[in-house]
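Visitor: One file: run_20.cif (mmCIF, C-alpha atoms and all ligand atoms).
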```cif
data_upload
loop_
_atom_site.group_PDB
_atom_site.id
_atom_site.type_symbol
_atom_site.label_atom_id
_atom_site.label_comp_id
_atom_site.auth_asym_id
_atom_site.auth_seq_id
_atom_site.Cartn_x
_atom_site.Cartn_y
_atom_site.Cartn_z
ATOM 1 C CA MET A 40 0.000 0.000 0.000
ATOM 2 C CA ARG A 41 1.334 3.396 -0.951
ATOM 3 C CA LEU A 42 1.755 6.005 1.707
ATOM 4 C CA HIS A 43 -0.945 8.394 0.521
ATOM 5 C CA GLU A 44 -3.496 5.573 0.620
ATOM 6 C CA THR A 45 -2.784 4.825 4.248
ATOM 7 C CA MET A 46 -3.001 8.540 5.096
ATOM 8 C CA GLU A 47 -6.333 8.965 3.339
ATOM 9 C CA HIS A 48 -8.573 7.898 6.179
ATOM 10 C CA ILE A 49 -6.512 9.224 9.005
ATOM 11 C CA TYR A 50 -7.434 12.503 10.638
ATOM 12 C CA PRO A 51 -4.733 12.977 13.188
ATOM 13 C CA ILE A 52 -5.394 15.287 16.105
ATOM 14 C CA PHE A 53 -2.514 17.519 15.034
ATOM 15 C CA ASP A 54 -4.497 18.448 11.938
ATOM 16 C CA LYS A 55 -6.509 20.826 14.097
ATOM 17 C CA MET A 56 -5.386 24.406 14.585
ATOM 18 C CA LEU A 57 -4.307 25.234 18.080
ATOM 19 C CA THR A 58 -6.964 27.123 20.005
ATOM 20 C CA ARG A 59 -7.100 30.509 21.624
ATOM 21 C CA ALA A 60 -6.659 28.800 24.996
ATOM 22 C CA ASP A 61 -3.424 27.193 23.729
ATOM 23 C CA LYS A 62 -2.113 30.601 22.640
ATOM 24 C CA GLU A 63 -3.152 32.254 25.894
ATOM 25 C CA ALA A 64 -1.409 29.524 27.877
ATOM 26 C CA LEU A 65 1.742 30.061 25.807
ATOM 27 C CA LEU A 66 1.668 33.813 26.396
ATOM 28 C CA GLY A 67 0.463 33.625 30.012
ATOM 29 C CA GLN A 68 -2.189 36.273 29.381
ATOM 30 C CA ARG A 69 -5.732 36.679 28.099
ATOM 31 C CA GLY A 70 -6.618 38.356 24.834
ATOM 32 C CA LEU A 71 -8.679 41.545 25.006
ATOM 33 C CA MET A 72 -9.726 44.387 22.708
ATOM 34 C CA ILE A 73 -9.377 47.850 24.228
ATOM 35 C CA TRP A 74 -11.338 50.069 21.875
ATOM 36 C CA PHE A 75 -10.594 53.802 22.191
ATOM 37 C CA THR A 76 -13.184 56.152 20.728
ATOM 38 C CA GLY A 77 -13.141 59.950 20.657
ATOM 39 C CA LEU A 78 -12.538 63.017 18.531
ATOM 40 C CA SER A 79 -9.412 63.595 16.494
ATOM 41 C CA GLY A 80 -6.735 64.931 18.837
ATOM 42 C CA SER A 81 -8.561 63.748 21.966
ATOM 43 C CA GLY A 82 -5.563 61.573 22.943
ATOM 44 C CA LYS A 83 -6.488 58.057 21.819
ATOM 45 C CA SER A 84 -3.148 57.194 20.203
ATOM 46 C CA THR A 85 -1.065 58.891 22.891
ATOM 47 C CA ILE A 86 -2.831 56.953 25.649
ATOM 48 C CA ALA A 87 -2.723 53.673 23.700
ATOM 49 C CA ILE A 88 1.047 54.039 23.208
ATOM 50 C CA ALA A 89 1.617 54.815 26.900
ATOM 51 C CA LEU A 90 -0.593 51.901 27.985
ATOM 52 C CA GLU A 91 1.180 49.512 25.615
ATOM 53 C CA ARG A 92 4.531 50.399 27.226
ATOM 54 C CA GLU A 93 3.198 49.756 30.723
ATOM 55 C CA LEU A 94 1.691 46.416 29.716
ATOM 56 C CA GLN A 95 4.863 45.329 27.912
ATOM 57 C CA LYS A 96 6.865 46.195 31.050
ATOM 58 C CA ARG A 97 4.676 43.655 32.858
ATOM 59 C CA GLY A 98 5.458 40.992 30.272
ATOM 60 C CA LEU A 99 2.166 41.392 28.419
ATOM 61 C CA LEU A 100 2.061 41.324 24.624
ATOM 62 C CA CYS A 101 0.071 44.075 22.892
ATOM 63 C CA ARG A 102 -0.705 45.245 19.380
ATOM 64 C CA ILE A 103 -1.842 48.774 18.563
ATOM 65 C CA LEU A 104 -4.101 49.274 15.581
ATOM 66 C CA ASP A 105 -4.310 52.908 14.526
ATOM 67 C CA GLY A 106 -4.721 55.113 11.496
ATOM 68 C CA ASP A 107 -1.041 54.929 10.655
ATOM 69 C CA ASN A 108 -0.876 51.164 10.289
ATOM 70 C CA ILE A 109 -4.414 50.538 9.025
ATOM 71 C CA ARG A 110 -5.333 53.399 6.696
ATOM 72 C CA SER A 111 -1.925 53.171 4.991
ATOM 73 C CA GLY A 112 -2.241 49.427 4.395
ATOM 74 C CA ILE A 113 -5.242 47.158 4.555
ATOM 75 C CA ASN A 114 -7.668 50.110 4.315
ATOM 76 C CA ASN A 115 -5.784 52.316 1.847
ATOM 77 C CA ASN A 116 -8.670 52.139 -0.613
ATOM 78 C CA LEU A 117 -11.174 53.677 1.836
ATOM 79 C CA GLY A 118 -12.160 57.311 2.366
ATOM 80 C CA PHE A 119 -14.405 59.026 4.892
ATOM 81 C CA SER A 120 -17.879 58.642 3.382
ATOM 82 C CA PRO A 121 -20.395 56.998 5.730
ATOM 83 C CA GLU A 122 -20.074 53.690 3.805
ATOM 84 C CA ASP A 123 -16.282 53.755 3.887
ATOM 85 C CA ARG A 124 -16.275 54.572 7.601
ATOM 86 C CA VAL A 125 -18.342 51.452 8.246
ATOM 87 C CA GLU A 126 -16.091 49.284 6.064
ATOM 88 C CA ASN A 127 -13.005 50.805 7.736
ATOM 89 C CA ILE A 128 -14.234 49.785 11.181
ATOM 90 C CA ARG A 129 -15.503 46.393 9.987
ATOM 91 C CA ARG A 130 -12.053 45.431 8.682
ATOM 92 C CA ILE A 131 -10.333 46.802 11.791
ATOM 93 C CA ALA A 132 -12.638 44.714 13.971
ATOM 94 C CA GLU A 133 -12.009 41.571 11.897
ATOM 95 C CA VAL A 134 -8.242 42.091 12.105
ATOM 96 C CA GLY A 135 -8.597 42.862 15.815
ATOM 97 C CA ARG A 136 -10.479 39.635 16.353
ATOM 98 C CA LEU A 137 -7.594 37.645 14.895
ATOM 99 C CA PHE A 138 -5.221 39.262 17.367
ATOM 100 C CA VAL A 139 -7.551 38.777 20.339
ATOM 101 C CA ASP A 140 -8.030 35.183 19.260
ATOM 102 C CA THR A 141 -4.238 34.816 19.390
ATOM 103 C CA GLY A 142 -4.254 35.987 23.011
ATOM 104 C CA VAL A 143 -2.928 39.449 22.240
ATOM 105 C CA ILE A 144 -4.060 42.582 24.088
ATOM 106 C CA THR A 145 -5.200 44.699 21.177
ATOM 107 C CA LEU A 146 -5.534 48.471 21.378
ATOM 108 C CA ALA A 147 -7.608 50.131 18.664
ATOM 109 C CA ALA A 148 -7.401 53.932 18.390
ATOM 110 C CA PHE A 149 -9.984 55.159 15.891
ATOM 111 C CA ILE A 150 -12.527 57.970 16.073
ATOM 112 C CA SER A 151 -15.339 55.424 15.457
ATOM 113 C CA PRO A 152 -17.924 58.203 15.717
ATOM 114 C CA ASN A 153 -21.225 56.465 16.292
ATOM 115 C CA ASN A 154 -22.963 53.802 18.337
ATOM 116 C CA ASP A 155 -23.835 51.613 15.344
ATOM 117 C CA ILE A 156 -20.247 51.448 14.169
ATOM 118 C CA ARG A 157 -18.920 50.641 17.663
ATOM 119 C CA GLU A 158 -21.639 48.066 18.192
ATOM 120 C CA MET A 159 -20.687 46.382 14.920
ATOM 121 C CA ALA A 160 -17.085 46.234 16.128
ATOM 122 C CA ALA A 161 -18.187 44.789 19.489
ATOM 123 C CA ASP A 162 -20.339 42.170 17.730
ATOM 124 C CA ILE A 163 -17.478 41.094 15.451
ATOM 125 C CA ILE A 164 -14.971 40.879 18.292
ATOM 126 C CA GLY A 165 -17.422 39.485 20.850
ATOM 127 C CA LYS A 166 -18.858 41.620 23.654
ATOM 128 C CA GLU A 167 -16.970 39.786 26.423
ATOM 129 C CA ASP A 168 -13.634 40.622 24.733
ATOM 130 C CA PHE A 169 -14.516 44.245 23.978
ATOM 131 C CA MET A 170 -13.665 47.078 26.372
ATOM 132 C CA GLU A 171 -14.875 50.480 25.202
ATOM 133 C CA VAL A 172 -12.863 53.483 26.382
ATOM 134 C CA TYR A 173 -14.245 56.940 25.626
ATOM 135 C CA VAL A 174 -11.566 59.622 25.382
ATOM 136 C CA CYS A 175 -14.007 62.436 26.069
ATOM 137 C CA THR A 176 -11.698 65.453 25.742
ATOM 138 C CA PRO A 177 -13.910 68.446 24.776
ATOM 139 C CA ILE A 178 -13.748 69.562 21.156
ATOM 140 C CA GLU A 179 -12.450 73.010 22.180
ATOM 141 C CA GLU A 180 -9.349 71.357 23.645
ATOM 142 C CA CYS A 181 -8.905 69.020 20.642
ATOM 143 C CA GLU A 182 -9.183 71.988 18.315
ATOM 144 C CA ARG A 183 -6.799 74.065 20.410
ATOM 145 C CA ARG A 184 -4.207 71.255 20.160
ATOM 146 C CA ASP A 185 -4.921 70.704 16.462
ATOM 147 C CA VAL A 186 -2.061 68.179 16.341
ATOM 148 C CA LYS A 187 -2.285 67.586 12.611
ATOM 149 C CA GLY A 188 -3.762 70.936 11.547
ATOM 150 C CA LEU A 189 -6.946 69.118 10.562
ATOM 151 C CA TYR A 190 -9.391 71.284 12.526
ATOM 152 C CA ALA A 191 -8.107 74.443 10.804
ATOM 153 C CA LYS A 192 -8.531 72.763 7.431
ATOM 154 C CA ALA A 193 -12.001 71.511 8.353
ATOM 155 C CA ARG A 194 -13.030 75.028 9.477
ATOM 156 C CA ARG A 195 -11.860 76.377 6.113
ATOM 157 C CA GLY A 196 -13.991 73.742 4.407
ATOM 158 C CA GLU A 197 -10.932 71.989 2.971
ATOM 159 C CA ILE A 198 -11.885 68.693 4.627
ATOM 160 C CA LYS A 199 -15.432 67.443 4.218
ATOM 161 C CA ASN A 200 -17.133 65.171 6.754
ATOM 162 C CA PHE A 201 -14.720 66.062 9.562
ATOM 163 C CA THR A 202 -15.946 64.563 12.834
ATOM 164 C CA GLY A 203 -16.983 67.217 15.342
ATOM 165 C CA ILE A 204 -17.047 69.993 12.718
ATOM 166 C CA SER A 205 -18.975 68.805 9.685
ATOM 167 C CA ALA A 206 -19.815 65.234 10.706
ATOM 168 C CA PRO A 207 -21.415 64.101 13.969
ATOM 169 C CA PHE A 208 -19.804 62.357 16.927
ATOM 170 C CA GLU A 209 -22.141 60.270 19.074
ATOM 171 C CA ALA A 210 -20.859 59.794 22.621
ATOM 172 C CA PRO A 211 -20.914 56.142 23.747
ATOM 173 C CA GLU A 212 -23.695 55.374 26.200
ATOM 174 C CA HIS A 213 -21.981 52.888 28.496
ATOM 175 C CA PRO A 214 -18.196 53.010 28.094
ATOM 176 C CA ALA A 215 -16.146 50.923 30.498
ATOM 177 C CA LEU A 216 -14.145 54.089 31.178
ATOM 178 C CA SER A 217 -14.207 57.785 30.190
ATOM 179 C CA LEU A 218 -10.992 59.792 30.106
ATOM 180 C CA ASP A 219 -10.951 63.569 29.670
ATOM 181 C CA THR A 220 -7.376 64.464 28.800
ATOM 182 C CA SER A 221 -8.043 68.171 29.374
ATOM 183 C CA VAL A 222 -8.041 67.345 33.106
ATOM 184 C CA LEU A 223 -6.098 64.041 33.318
ATOM 185 C CA SER A 224 -2.429 63.580 32.461
ATOM 186 C CA VAL A 225 -1.354 60.689 30.231
ATOM 187 C CA GLU A 226 0.016 58.944 33.354
ATOM 188 C CA GLU A 227 -3.290 59.340 35.200
ATOM 189 C CA CYS A 228 -5.164 57.908 32.214
ATOM 190 C CA VAL A 229 -2.829 54.896 32.165
ATOM 191 C CA VAL A 230 -3.269 54.257 35.905
ATOM 192 C CA ARG A 231 -7.045 54.152 35.468
ATOM 193 C CA LEU A 232 -6.743 51.874 32.478
ATOM 194 C CA LEU A 233 -4.389 49.464 34.237
ATOM 195 C CA GLU A 234 -6.861 49.087 37.120
ATOM 196 C CA LEU A 235 -9.455 47.936 34.635
ATOM 197 C CA VAL A 236 -7.320 46.001 32.170
ATOM 198 C CA LEU A 237 -4.943 44.014 34.404
ATOM 199 C CA PRO A 238 -7.633 41.909 36.124
ATOM 200 C CA LYS A 239 -8.974 40.960 32.697
ATOM 201 C CA VAL A 240 -5.705 39.971 31.050
ATOM 202 C CA LEU A 241 -3.691 38.429 33.888
ATOM 203 C CA THR A 242 -4.035 34.712 34.376
ATOM 204 C CA ASP A 243 -3.725 32.779 37.660
ATOM 205 C CA LYS A 244 -0.075 32.069 36.875
ATOM 206 C CA ASP A 245 0.799 35.798 36.892
HETATM 207 P P1 LIG A 301 -5.980 61.009 18.667
HETATM 208 O O1 LIG A 301 -5.273 59.709 18.529
HETATM 209 O O2 LIG A 301 -7.194 60.940 19.562
HETATM 210 O O3 LIG A 301 -6.270 61.700 17.373
HETATM 211 P P2 LIG A 301 -3.427 61.988 19.549
HETATM 212 O O4 LIG A 301 -3.025 61.060 20.636
HETATM 213 O O5 LIG A 301 -2.856 61.789 18.184
HETATM 214 O O6 LIG A 301 -5.035 61.999 19.463
HETATM 215 O O7 LIG A 301 -3.135 63.493 19.949
HETATM 216 C C1 LIG A 301 -3.387 63.979 21.238
HETATM 217 C C2 LIG A 301 -2.473 65.164 21.490
HETATM 218 O O8 LIG A 301 -2.794 65.705 22.767
HETATM 219 C C3 LIG A 301 -1.012 64.778 21.510
HETATM 220 O O9 LIG A 301 -0.263 65.779 20.903
HETATM 221 C C4 LIG A 301 -0.715 64.693 23.019
HETATM 222 O O10 LIG A 301 0.638 64.969 23.297
HETATM 223 C C5 LIG A 301 -1.615 65.786 23.564
HETATM 224 N N1 LIG A 301 -2.003 65.594 24.975
HETATM 225 C C6 LIG A 301 -1.900 66.529 25.943
HETATM 226 N N2 LIG A 301 -2.326 66.056 27.134
HETATM 227 C C7 LIG A 301 -2.707 64.782 26.924
HETATM 228 C C8 LIG A 301 -3.229 63.761 27.772
HETATM 229 N N3 LIG A 301 -3.454 63.963 29.074
HETATM 230 N N4 LIG A 301 -3.513 62.559 27.215
HETATM 231 C C9 LIG A 301 -3.316 62.342 25.902
HETATM 232 N N5 LIG A 301 -2.819 63.256 25.046
HETATM 233 C C10 LIG A 301 -2.511 64.483 25.541
#
```
For this file, produce the structure as structure tokens.
Guide:
Amino acid sequence: MRLHETMEHIYPIFDKMLTRADKEALLGQRGLMIWFTGLSGSGKSTIAIALERELQKRGLLCRILDGDNIRSGINNNLGFSPEDRVENIRRIAEVGRLFVDTGVITLAAFISPNNDIREMAADIIGKEDFMEVYVCTPIEECERRDVKGLYAKARRGEIKNFTGISAPFEAPEHPALSLDTSVLSVEECVVRLLELVLPKVLTDKD
């Protein structure tokens, strides 16, 4: 009997992909999506970067998804129309789910301006793995910072559909945490986040 004939009816256990639990055991942590929502310039990326450093210091593996690594790559064919905003978030959530399913603490920093869009993301990722963090810095402060000069452009009408100026932002109804960076420092935001995140991602072995 030739080899391939003997193999034909054998479905060895190692044919199956390893599970999320296997990955989490390897990493010694639990996967989680931390989903930052808020206006442009509110502080989402800055806080995500600072939180990632603190988690890494504790031996926890993270992945940040933000405009820089998503809009330039997987979503480089999408604009800011309502349809494209939905597709943008849908793909981010699907990518995020793969990371969470690999046991990685995933930090998504996108404006994600309305309840429907955030609910879609939560449904794709799974509600129990989805922690919504509202960076609720007032628009006056975001505009004063105008990190990328986008508010000035939006005011001059050079950018259409700019969230907070010419497109709506719907505040989340029940975020796990709200952070107003006009009154909290980056460090204070991270302390509050760690209190919430660590119990969810640490395993008994930690
Ligand atoms: P977003 O990702 O929400 O568009 P960014 O993180 O890119 O916002 O920009 C926020 C800006 O605000 C940065 O220039 C950051 O240095 C500044 N900033 C000032 N105070 C804070 C704070 N407490 N938390 C976060 N960012 C702050």
Visitor: Output, as lines of an AutoDock Vina configuration file, the centre and edge lengths in Å (one decimal) of the axis-aligned box that contains all listed atoms of range 175-179 of chain A with 8 Å of margin on each side.
Guide:
```
center_x = -12.9
center_y = 67.7
center_z = 23.6
size_x = 18.3
size_y = 26.6
size_z = 20.9
```
Visitor: CA of Asp105 in chain A to CA of Glu227 in chain A: how many Å, to one decimal?
Guide: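 Between these atoms lies a distance of 21.7 Å.
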Visitor: Could you tell me, as JSON, numbers by chain, exactly which residues end up selected when the PyMOL selection byres (((chain A and resi 211) around 12) and not hetatm) is applied to this structure?
Guide: {"A": [74, 75, 76, 77, 150, 151, 152, 153, 154, 155, 156, 157, 158, 170, 171, 172, 173, 174, 175, 208, 209, 210, 212, 213, 214, 215, 216, 217]}
Visitor: Do you have, as a tab-separated table, the list of residues of chain A lying at most 6 Å from ligand LIG 301 (chain A), each with its nearest atom pair and that distance in Å to one decimal, counting all atoms listed in the file and ordered by chain then number?
Guide:
```
residue	atom	partner	partner_atom	distance
A:Leu78	CA	A:LIG301	O2	5.8
A:Ser79	CA	A:LIG301	O3	3.8
A:Gly80	CA	A:LIG301	O6	3.4
A:Ser81	CA	A:LIG301	O2	3.9
A:Gly82	CA	A:LIG301	O4	3.5
A:Lys83	CA	A:LIG301	O2	3.7
A:Ser84	CA	A:LIG301	O1	3.7
A:Thr85	CA	A:LIG301	O4	3.7
A:Ile86	CA	A:LIG301	C9	5.4
A:Val186	CA	A:LIG301	O9	5.5
A:Thr220	CA	A:LIG301	N3	4.0
A:Leu223	CA	A:LIG301	N3	5.0
A:Ser224	CA	A:LIG301	N3	3.6
A:Val225	CA	A:LIG301	N3	4.1
```
Visitor: Quick one: distance from CA of Asn116 in chain A to CA of Ile204 in chain A in Å, one decimal?
Guide: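 Result for CA of Asn116 in chain A versus CA of Ile204 in chain A: 23.8 Å, one decimal.
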Visitor: So, counting only C-alpha atoms, which residue among A:Pro121, A:Lys239, A:Val230, A:Leu218 is closest to Thr202 in chain A?
Guide: A:Pro121
Visitor: Go ahead and find all residues with at least one atom no further than 12 Å from (2.3, 44.3, 28.2) in the file's coordinates, using all atoms listed in the file; report them as an NGL selection string.
Guide: :A and (66-71 or 87-103 or 142-146 or 233 or 236-237 or 240-241)
Visitor: Quick one: of A:Val125, A:Leu232, A:Met56, A:Val222, who's nearest to Glu180 in chain A, counting all atoms listed in the file?
Guide: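 Once distances to Glu180 in chain A are computed over all atoms listed in the file, the minimum belongs to A:Val222.
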